[in-house]
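Have a look at query.cif below; it lists mmCIF, C-alpha atoms.
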```cif
data_structure
loop_
_atom_site.label_atom_id
_atom_site.label_comp_id
_atom_site.auth_asym_id
_atom_site.auth_seq_id
_atom_site.Cartn_x
_atom_site.Cartn_y
_atom_site.Cartn_z
CA MET A 1103 -40.72 6.42 -4.25
CA ILE A 1104 -42.10 4.02 -6.88
CA ARG A 1105 -43.23 6.95 -9.02
CA GLY A 1106 -39.71 8.36 -8.75
CA PHE A 1107 -38.13 5.13 -9.96
CA ALA A 1108 -40.63 4.88 -12.80
CA ILE A 1109 -39.62 8.39 -13.91
CA LEU A 1110 -35.85 7.67 -13.60
CA PHE A 1111 -36.12 4.38 -15.53
CA GLY A 1112 -38.45 6.01 -18.05
CA CYS A 1113 -36.02 8.87 -18.73
CA GLN A 1114 -33.18 6.43 -19.26
CA LEU A 1115 -35.34 4.31 -21.55
CA LEU A 1116 -36.23 7.38 -23.62
CA GLY A 1117 -32.55 8.34 -23.68
CA GLU A 1118 -31.57 4.87 -24.93
CA LEU A 1119 -34.31 5.03 -27.55
CA LEU A 1120 -33.05 8.41 -28.71
CA THR A 1121 -29.38 7.31 -29.02
CA ARG A 1122 -30.41 4.19 -30.93
CA THR A 1123 -32.68 5.95 -33.38
CA THR A 1124 -30.40 8.93 -34.03
CA GLY A 1125 -27.05 7.12 -33.81
CA TRP A 1126 -25.65 9.96 -31.65
CA PRO A 1127 -22.47 8.94 -29.84
CA VAL A 1128 -24.00 10.08 -26.51
CA PRO A 1129 -24.85 7.38 -23.95
CA GLY A 1130 -28.50 6.82 -23.14
CA ASN A 1131 -28.11 7.53 -19.43
CA VAL A 1132 -26.56 10.96 -20.05
CA LEU A 1133 -29.38 11.81 -22.47
CA GLY A 1134 -31.81 10.50 -19.85
CA MET A 1135 -30.31 12.90 -17.31
CA THR A 1136 -30.70 15.77 -19.78
CA LEU A 1137 -34.32 14.77 -20.48
CA LEU A 1138 -35.16 14.71 -16.77
CA LEU A 1139 -33.52 18.11 -16.27
CA VAL A 1140 -35.56 19.57 -19.12
CA ALA A 1141 -38.73 17.93 -17.78
CA LEU A 1142 -38.09 19.47 -14.35
CA MET A 1143 -37.48 22.93 -15.83
CA LEU A 1144 -40.64 22.75 -17.95
CA ASP A 1145 -42.61 21.57 -14.91
CA VAL A 1146 -43.60 18.36 -16.71
CA VAL A 1147 -42.08 16.47 -13.76
CA ARG A 1148 -42.36 17.93 -10.27
CA LEU A 1149 -39.28 17.86 -8.07
CA GLU A 1150 -41.01 16.09 -5.16
CA TRP A 1151 -41.96 13.18 -7.44
CA VAL A 1152 -38.33 12.20 -7.98
CA THR A 1153 -36.35 13.45 -4.97
CA GLU A 1154 -36.78 10.37 -2.78
CA ALA A 1155 -35.71 7.84 -5.42
CA ALA A 1156 -32.92 10.10 -6.67
CA GLU A 1157 -31.56 10.65 -3.14
CA LEU A 1158 -31.55 6.91 -2.49
CA LEU A 1159 -29.46 6.25 -5.61
CA LEU A 1160 -27.14 9.24 -5.20
CA THR A 1161 -26.32 8.69 -1.53
CA ASN A 1162 -25.42 5.06 -2.29
CA MET A 1163 -23.79 5.57 -5.67
CA ALA A 1164 -20.41 4.29 -4.47
CA LEU A 1165 -21.90 0.83 -3.88
CA LEU A 1166 -22.95 0.55 -7.52
CA PHE A 1167 -19.35 0.67 -8.78
CA ILE A 1168 -18.16 -2.36 -6.83
CA PRO A 1169 -19.13 -5.05 -9.37
CA VAL A 1170 -17.53 -2.99 -12.18
CA GLY A 1171 -14.32 -3.04 -10.15
CA VAL A 1172 -14.52 -6.75 -9.35
CA ALA A 1173 -14.59 -7.38 -13.12
CA VAL A 1174 -10.87 -6.48 -13.08
CA MET A 1175 -10.16 -10.05 -11.97
CA GLN A 1176 -10.99 -11.28 -15.47
CA TYR A 1177 -8.20 -9.20 -16.96
CA PHE A 1178 -5.29 -9.78 -14.60
CA ASP A 1179 -3.13 -11.22 -17.39
CA LEU A 1180 -3.81 -8.26 -19.67
CA LEU A 1181 -2.89 -5.84 -16.87
CA ALA A 1182 0.16 -7.84 -15.86
CA ARG A 1183 1.63 -7.66 -19.36
CA GLU A 1184 1.91 -3.85 -19.48
CA TRP A 1185 1.29 -2.80 -15.90
CA LEU A 1186 4.02 -0.12 -15.79
CA PRO A 1187 2.70 2.21 -18.53
CA ILE A 1188 -0.91 1.49 -17.51
CA VAL A 1189 -0.53 2.22 -13.81
CA THR A 1190 1.89 5.15 -14.17
CA ALA A 1191 -0.19 6.87 -16.85
CA THR A 1192 -3.41 6.35 -14.89
CA VAL A 1193 -2.05 7.67 -11.60
CA LEU A 1194 -0.12 10.68 -12.94
CA SER A 1195 -2.82 11.63 -15.41
CA THR A 1196 -5.49 11.60 -12.67
CA PHE A 1197 -3.53 14.22 -10.71
CA VAL A 1198 -2.90 16.25 -13.88
CA VAL A 1199 -6.63 16.35 -14.66
CA ILE A 1200 -7.58 17.39 -11.12
CA ALA A 1201 -4.95 20.16 -11.11
CA VAL A 1202 -5.79 21.53 -14.57
CA THR A 1203 -9.57 21.47 -14.05
CA ALA A 1204 -9.44 22.89 -10.52
CA LEU A 1205 -7.00 25.70 -11.35
CA VAL A 1206 -8.88 26.79 -14.49
CA ALA A 1207 -12.30 26.65 -12.79
CA ASP A 1208 -11.07 28.28 -9.57
CA ARG A 1209 -9.59 31.21 -11.49
CA LEU A 1210 -12.82 31.76 -13.41
CA ALA A 1211 -15.21 31.02 -10.54
CA ASP A 1212 -16.98 33.84 -8.76
CA PRO A 1213 -14.71 34.48 -5.74
CA SER A 1214 -17.71 35.55 -3.65
CA GLN A 1215 -18.63 31.86 -3.66
CA ALA A 1216 -15.27 30.91 -2.17
CA GLY A 1217 -15.71 28.43 0.63
CA GLY A 1218 -19.47 28.75 0.24
CA GLY A 1219 -21.96 26.23 -0.93
CA ASP A 1220 -22.27 24.12 2.19
CA ASP A 1221 -25.73 22.88 2.89
CA SER A 1222 -26.59 25.19 5.68
CA MET B 1417 -21.01 -31.86 0.35
CA THR B 1418 -22.94 -28.61 0.51
CA PRO B 1419 -24.98 -27.57 -2.50
CA ASP B 1420 -23.52 -24.68 -4.51
CA VAL B 1421 -25.58 -21.48 -4.43
CA SER B 1422 -22.87 -19.21 -5.86
CA ASP B 1423 -24.47 -19.28 -9.30
CA MET B 1424 -27.66 -17.64 -7.99
CA PRO B 1425 -27.97 -13.86 -8.45
CA LEU B 1426 -28.64 -13.69 -4.71
CA PHE B 1427 -25.05 -14.67 -4.02
CA GLY B 1428 -23.44 -11.77 -5.87
CA ILE B 1429 -25.90 -9.23 -4.44
CA THR B 1430 -25.57 -10.46 -0.86
CA LEU B 1431 -21.79 -10.55 -1.07
CA THR B 1432 -21.60 -7.03 -2.57
CA LEU B 1433 -23.94 -5.46 0.01
CA THR B 1434 -22.41 -7.26 3.00
CA VAL B 1435 -18.82 -6.46 2.10
CA PHE B 1436 -19.73 -2.83 1.38
CA VAL B 1437 -21.46 -2.39 4.74
CA LEU B 1438 -18.41 -3.82 6.53
CA ALA B 1439 -16.04 -1.67 4.44
CA GLN B 1440 -18.06 1.44 5.28
CA ARG B 1441 -17.88 0.63 8.99
CA LEU B 1442 -14.13 0.17 8.74
CA TYR B 1443 -13.85 3.48 6.86
CA ARG B 1444 -15.94 5.38 9.45
CA ARG B 1445 -14.14 3.85 12.37
CA THR B 1446 -10.63 4.57 11.07
CA GLY B 1447 -11.46 7.75 9.12
CA SER B 1448 -8.58 6.96 6.75
CA VAL B 1449 -9.07 8.04 3.11
CA TRP B 1450 -6.78 5.18 2.06
CA LEU B 1451 -9.46 2.74 3.22
CA ASN B 1452 -11.91 4.00 0.58
CA PRO B 1453 -14.92 1.68 0.95
CA VAL B 1454 -15.25 1.05 -2.81
CA LEU B 1455 -11.62 0.03 -3.20
CA VAL B 1456 -11.60 -2.08 -0.03
CA SER B 1457 -14.83 -3.83 -1.13
CA ILE B 1458 -13.47 -4.58 -4.60
CA LEU B 1459 -10.23 -6.04 -3.23
CA ALA B 1460 -12.04 -8.03 -0.52
CA ILE B 1461 -14.53 -9.56 -2.97
CA ILE B 1462 -11.81 -10.48 -5.50
CA THR B 1463 -9.79 -12.11 -2.71
CA LEU B 1464 -12.81 -14.01 -1.41
CA LEU B 1465 -13.74 -15.29 -4.87
CA LEU B 1466 -10.16 -16.37 -5.61
CA VAL B 1467 -9.71 -18.09 -2.24
CA ALA B 1468 -13.07 -19.85 -2.43
CA GLY B 1469 -12.48 -20.78 -6.09
CA ILE B 1470 -15.76 -19.20 -7.20
CA PRO B 1471 -15.74 -18.22 -10.87
CA TYR B 1472 -16.26 -14.55 -11.73
CA ARG B 1473 -19.28 -15.31 -13.91
CA ASN B 1474 -21.13 -16.71 -10.90
CA TYR B 1475 -20.53 -13.51 -8.95
CA ALA B 1476 -21.48 -11.43 -11.99
CA ARG B 1477 -25.04 -12.80 -12.05
CA GLY B 1478 -25.79 -10.79 -8.93
CA GLY B 1479 -23.20 -8.09 -9.62
CA GLU B 1480 -24.89 -7.14 -12.89
CA LEU B 1481 -28.10 -6.35 -11.03
CA VAL B 1482 -26.19 -3.89 -8.84
CA THR B 1483 -24.39 -2.36 -11.84
CA PHE B 1484 -27.74 -1.98 -13.60
CA LEU B 1485 -28.69 0.77 -11.13
CA LEU B 1486 -25.77 2.93 -12.33
CA GLY B 1487 -27.91 3.96 -15.31
CA PRO B 1488 -30.81 5.44 -13.29
CA ALA B 1489 -28.23 6.88 -10.84
CA VAL B 1490 -26.75 8.94 -13.69
CA VAL B 1491 -30.29 10.07 -14.60
CA ALA B 1492 -30.87 10.97 -10.92
CA LEU B 1493 -28.03 13.52 -11.13
CA ALA B 1494 -30.58 15.77 -12.85
CA VAL B 1495 -32.22 16.35 -9.44
CA PRO B 1496 -29.29 18.13 -7.69
CA LEU B 1497 -28.53 19.89 -10.99
CA TYR B 1498 -32.06 21.27 -11.04
CA GLN B 1499 -31.91 22.26 -7.37
CA ARG B 1500 -28.62 24.12 -7.89
CA ARG B 1501 -29.35 25.39 -11.40
CA LEU B 1502 -28.97 29.10 -10.54
CA GLU B 1503 -25.54 28.72 -8.91
CA ILE B 1504 -24.40 26.47 -11.74
CA TRP B 1505 -25.70 28.80 -14.44
CA ARG B 1506 -23.90 31.71 -12.80
CA SER B 1507 -20.62 29.76 -13.05
CA LYS B 1508 -21.15 28.33 -16.52
CA ARG B 1509 -17.95 29.78 -17.95
CA ALA B 1510 -15.79 28.30 -15.18
CA ILE B 1511 -17.56 24.96 -15.50
CA LEU B 1512 -17.37 24.64 -19.28
CA LEU B 1513 -13.77 25.82 -19.64
CA GLY B 1514 -12.68 23.77 -16.62
CA VAL B 1515 -14.11 20.54 -18.03
CA LEU B 1516 -12.82 21.27 -21.54
CA CYS B 1517 -9.25 21.86 -20.29
CA GLY B 1518 -9.48 18.89 -17.92
CA SER B 1519 -10.72 16.56 -20.63
CA LEU B 1520 -7.96 17.61 -23.01
CA ALA B 1521 -5.36 17.28 -20.23
CA SER B 1522 -6.66 13.80 -19.43
CA ILE B 1523 -6.34 12.44 -22.95
CA VAL B 1524 -2.96 14.08 -23.65
CA SER B 1525 -1.35 13.17 -20.31
CA ALA B 1526 -2.65 9.57 -20.17
CA CYS B 1527 -1.67 8.78 -23.76
CA GLY B 1528 1.57 10.75 -23.56
CA ILE B 1529 2.83 9.07 -20.40
CA ALA B 1530 1.86 5.59 -21.63
CA TRP B 1531 3.64 6.30 -24.92
CA LEU B 1532 6.80 7.55 -23.18
CA LEU B 1533 6.90 4.37 -21.09
CA GLY B 1534 6.69 2.18 -24.17
CA GLY B 1535 3.02 1.23 -23.96
CA SER B 1536 1.60 -0.57 -26.97
CA ARG B 1537 -0.88 1.15 -29.28
CA ASP B 1538 -3.69 -0.95 -27.78
CA VAL B 1539 -2.86 0.25 -24.27
CA ILE B 1540 -2.49 3.90 -25.29
CA ILE B 1541 -5.86 3.95 -27.03
CA SER B 1542 -7.61 1.95 -24.31
CA ILE B 1543 -6.61 4.25 -21.46
CA ALA B 1544 -7.41 7.48 -23.34
CA PRO B 1545 -10.98 7.71 -21.94
CA LYS B 1546 -9.88 6.75 -18.40
CA SER B 1547 -11.52 9.75 -16.68
CA VAL B 1548 -14.92 9.16 -18.28
CA THR B 1549 -17.63 7.26 -16.42
CA ALA B 1550 -17.54 3.50 -17.09
CA PRO B 1551 -20.59 3.08 -19.37
CA ILE B 1552 -19.47 5.99 -21.58
CA ALA B 1553 -15.75 5.13 -21.51
CA ILE B 1554 -16.41 1.58 -22.68
CA GLY B 1555 -18.51 2.86 -25.57
CA ILE B 1556 -15.74 5.29 -26.56
CA ALA B 1557 -13.05 2.58 -26.34
CA GLU B 1558 -15.06 0.34 -28.66
CA ARG B 1559 -15.53 3.10 -31.20
CA ILE B 1560 -11.87 4.16 -31.36
CA GLY B 1561 -10.52 0.62 -31.58
CA GLY B 1562 -9.30 0.15 -28.00
CA ILE B 1563 -9.82 -2.85 -25.74
CA PRO B 1564 -12.92 -2.18 -23.59
CA ALA B 1565 -11.82 -4.94 -21.19
CA LEU B 1566 -8.72 -2.88 -20.40
CA THR B 1567 -10.56 0.44 -20.27
CA ALA B 1568 -12.98 -0.73 -17.54
CA PRO B 1569 -10.41 -1.53 -14.83
CA VAL B 1570 -8.41 1.62 -15.64
CA VAL B 1571 -11.58 3.70 -15.26
CA VAL B 1572 -12.30 2.15 -11.85
CA MET B 1573 -8.69 2.62 -10.73
CA THR B 1574 -8.87 6.30 -11.75
CA GLY B 1575 -12.14 6.71 -9.86
CA CYS B 1576 -10.81 5.18 -6.63
CA LEU B 1577 -7.65 7.28 -6.78
CA GLY B 1578 -9.58 10.49 -7.37
CA ALA B 1579 -11.97 9.64 -4.53
CA MET B 1580 -9.10 8.97 -2.15
CA CYS B 1581 -6.82 11.92 -2.99
CA GLY B 1582 -8.93 14.45 -4.92
CA ALA B 1583 -10.26 16.63 -2.11
CA GLU B 1584 -6.94 16.74 -0.25
CA PHE B 1585 -5.01 17.44 -3.46
CA CYS B 1586 -7.31 20.41 -4.22
CA ARG B 1587 -6.73 21.76 -0.72
CA ARG B 1588 -2.96 21.58 -1.21
CA LEU B 1589 -3.26 23.32 -4.58
CA GLY B 1590 -4.92 26.19 -2.73
CA ILE B 1591 -8.30 25.83 -4.46
CA ARG B 1592 -10.72 28.31 -2.86
CA THR B 1593 -14.11 27.24 -4.18
CA HIS B 1594 -16.16 24.11 -3.61
CA LEU B 1595 -17.25 24.51 -7.20
CA ALA B 1596 -13.73 24.11 -8.60
CA ALA B 1597 -12.87 21.17 -6.33
CA GLY B 1598 -16.09 19.33 -7.19
CA LEU B 1599 -15.66 20.00 -10.89
CA ALA B 1600 -12.06 18.74 -10.82
CA VAL B 1601 -12.81 15.49 -8.98
CA GLY B 1602 -15.90 14.84 -11.13
CA THR B 1603 -13.94 15.46 -14.34
CA ALA B 1604 -10.99 13.29 -13.25
CA ALA B 1605 -12.73 10.54 -11.28
CA HIS B 1606 -16.33 10.39 -12.60
CA GLY B 1607 -18.92 8.65 -10.40
CA ILE B 1608 -16.61 7.19 -7.76
CA GLY B 1609 -15.10 10.64 -7.18
CA THR B 1610 -18.58 12.18 -7.22
CA ALA B 1611 -19.82 9.73 -4.59
CA ARG B 1612 -16.96 10.88 -2.34
CA MET B 1613 -17.59 14.59 -3.03
CA LEU B 1614 -21.30 14.15 -2.20
CA GLU B 1615 -20.16 12.99 1.26
CA ILE B 1616 -17.99 16.08 1.76
CA ASP B 1617 -20.18 18.86 0.43
CA ARG B 1618 -23.44 18.98 -1.47
CA LEU B 1619 -22.42 21.63 -4.02
CA SER B 1620 -19.10 19.90 -4.77
CA GLY B 1621 -20.94 16.64 -5.32
CA THR B 1622 -23.54 18.26 -7.56
CA VAL B 1623 -20.95 19.97 -9.73
CA ALA B 1624 -18.94 16.73 -9.83
CA GLY B 1625 -22.06 14.99 -11.13
CA LEU B 1626 -22.45 17.61 -13.83
CA ALA B 1627 -18.77 17.13 -14.72
CA ILE B 1628 -19.35 13.39 -15.31
CA GLY B 1629 -21.85 14.16 -18.05
CA LEU B 1630 -19.89 17.08 -19.53
CA ASN B 1631 -16.59 15.19 -19.59
CA GLY B 1632 -18.38 12.23 -21.18
CA LEU B 1633 -19.69 14.49 -23.93
CA VAL B 1634 -16.44 16.41 -24.47
CA THR B 1635 -14.29 13.26 -24.58
CA THR B 1636 -16.73 11.55 -26.93
CA PHE B 1637 -16.18 14.29 -29.50
CA LEU B 1638 -12.61 15.34 -28.67
CA LEU B 1639 -10.93 11.93 -28.70
CA PRO B 1640 -11.69 10.91 -32.31
CA LEU B 1641 -10.65 14.44 -33.35
CA LEU B 1642 -7.29 14.22 -31.53
CA MET B 1643 -6.69 10.76 -32.93
CA ALA B 1644 -7.17 12.07 -36.45
CA LEU B 1645 -4.52 14.72 -35.74
CA ALA B 1646 -2.03 12.39 -34.07
#
```
In structure tokens, write the structure found in this file.
Amino acid sequence: MIRGFAILFGCQLLGELLTRTTGWPVPGNVLGMTLLLVALMLDVVRLEWVTEAAELLLTNMALLFIPVGVAVMQYFDLLAREWLPIVTATVLSTFVVIAVTALVADRLADPSQAGGGDDS
Amino acid sequence: MTPDVSDMPLFGITLTLTVFVLAQRLYRRTGSVWLNPVLVSILAIITLLLVAGIPYRNYARGGELVTFLLGPAVVALAVPLYQRRLEIWRSKRAILLGVLCGSLASIVSACGIAWLLGGSRDVIISIAPKSVTAPIAIGIAERIGGIPALTAPVVVMTGCLGAMCGAEFCRRLGIRTHLAAGLAVGTAAHGIGTARMLEIDRLSGTVAGLAIGLNGLVTTFLLPLLMALA
């Protein structure tokens, strides 16, 4: 578990280092994810080293967003000023994105996978 | 007079974990998607802080330590991606085109609707990256001259909405594959949507996780380009 966390933190650190030195507009954590994926494919990192730590974070990911949401309370006045365009655009656009993405991907997806993919 | 401990990091952490555990129990007991545990927790904590008169910055001392783990959690998405790499590679065309269209639709619809309703330039720009995961969206907002403080709550609102309605909405649209549903909710509602999809189905959750990263990348490059055209 500790080894797993060391690898996850290390990948993010390398990702941050890479974005800062190159000035790429890609966030360090996304680069870190890419680095870990490459490391797994090249067998530099073995899957069983990271699964436990990764599972712990992924199964509880929802929890990690709560403080980001609580931060809204600092900006009540900003939201109150233009709440109609903000809320309407956010809500409608969310449904538009889901519909567009799902319909495009579903049309192109391999139909033999339809309904499949459950962990069984 | 009791001594004040609300400025200790322990306070924010304890409050976040306790409220979340209670919200999860409520969610499991009722089984209602409207009682999404993230949304319920956020509202409960804000209410508690306001009622108790505890300043946000005191809560944030502990809250930041929880938020910190979002970084390694994004890195951890590499694990399910690696485990499902063959399935994902087989569907690469559907995944890439799906995210590309979704990302474009997100920017155009969010900005377009806000503009039609008379939103100011600041608002229109700030909500443009609303479907991108918080750490990336805030970076984008800064770079394109938006208000990051406005982007953050809009991103969380989008995530909660996608988590609550995404799966059901896909079912009503007649979406056949878990892949397409996961990709759609991940593209629209980033990590909060992904957390929900991971509960429903492992492949959906994995593809949703991939969509977070892809949408982050696509929006990062697409948004400045669209702004130059507009």
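The set of protein, DNA and RNA residues with any counted atom at most 12 Å from (-7.4, 31.6, -10.7) (only C-alpha atoms) reads Ala1201, Val1202, Thr1203, Ala1204, Leu1205, Val1206, Ala1207, Asp1208, Arg1209, Leu1210, Ala1211, Asp1212, Pro1213 and Ala1216 of chain A; Ala1510, Gly1514, Leu1589, Gly1590, Ile1591, Arg1592, Thr1593 and Ala1596 of chain B.
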Can you translate the PyMOL selection byres ((chain A) within 6 of (chain B)) into the concrete residues it hits in this file, as a short mmCIF file (atom, residue, chain, number, x, y, z; two decimals) with C-alpha atoms, keeping the file's coordinate frame?
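Everything below was put into result-v2.cif:
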```cif
data_model
loop_
_atom_site.label_atom_id
_atom_site.label_comp_id
_atom_site.auth_asym_id
_atom_site.auth_seq_id
_atom_site.Cartn_x
_atom_site.Cartn_y
_atom_site.Cartn_z
CA LEU A 1110 -35.85 7.67 -13.60
CA PHE A 1111 -36.12 4.38 -15.53
CA ASN A 1131 -28.11 7.53 -19.43
CA GLY A 1134 -31.81 10.50 -19.85
CA MET A 1135 -30.31 12.90 -17.31
CA LEU A 1139 -33.52 18.11 -16.27
CA ALA A 1156 -32.92 10.10 -6.67
CA LEU A 1159 -29.46 6.25 -5.61
CA MET A 1163 -23.79 5.57 -5.67
CA ALA A 1164 -20.41 4.29 -4.47
CA LEU A 1166 -22.95 0.55 -7.52
CA ILE A 1168 -18.16 -2.36 -6.83
CA PRO A 1169 -19.13 -5.05 -9.37
CA GLY A 1171 -14.32 -3.04 -10.15
CA VAL A 1172 -14.52 -6.75 -9.35
CA VAL A 1174 -10.87 -6.48 -13.08
CA PRO A 1187 2.70 2.21 -18.53
CA ALA A 1191 -0.19 6.87 -16.85
CA SER A 1195 -2.82 11.63 -15.41
CA THR A 1196 -5.49 11.60 -12.67
CA VAL A 1199 -6.63 16.35 -14.66
CA ILE A 1200 -7.58 17.39 -11.12
CA VAL A 1202 -5.79 21.53 -14.57
CA THR A 1203 -9.57 21.47 -14.05
CA ALA A 1204 -9.44 22.89 -10.52
CA VAL A 1206 -8.88 26.79 -14.49
CA ALA A 1207 -12.30 26.65 -12.79
CA ASP A 1208 -11.07 28.28 -9.57
CA LEU A 1210 -12.82 31.76 -13.41
CA ALA A 1211 -15.21 31.02 -10.54
CA ALA A 1216 -15.27 30.91 -2.17
CA GLY A 1217 -15.71 28.43 0.63
CA GLY A 1219 -21.96 26.23 -0.93
CA ASP A 1220 -22.27 24.12 2.19
#
```
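Of note, atom CA of A:Cys1113 and atom CA of B:Thr1430 are spaced 28.3 Å apart.
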Considering all atoms listed in the file, can you say which of A:Ile1109, A:Ala1182, A:Leu1120, A:Leu1158 comes closest to A:Val1146? A:Ile1109
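One finds atom CA of B:Ile1470 at 25.7 Å from atom CA of B:Arg1441.
For the point (-10.1, 5.2, -32.1), the residues with at least one atom inside 9 Å, counting all atoms listed in the file, are Ile1541, Ser1542, Ile1556, Ala1557, Glu1558, Arg1559, Ile1560, Gly1561, Gly1562, Leu1639, Pro1640, Met1643 and Ala1644 of chain B.
One distance worth recording is that between atom CA of A:Phe1197 and atom CA of A:Leu1133, which is 28.5 Å.
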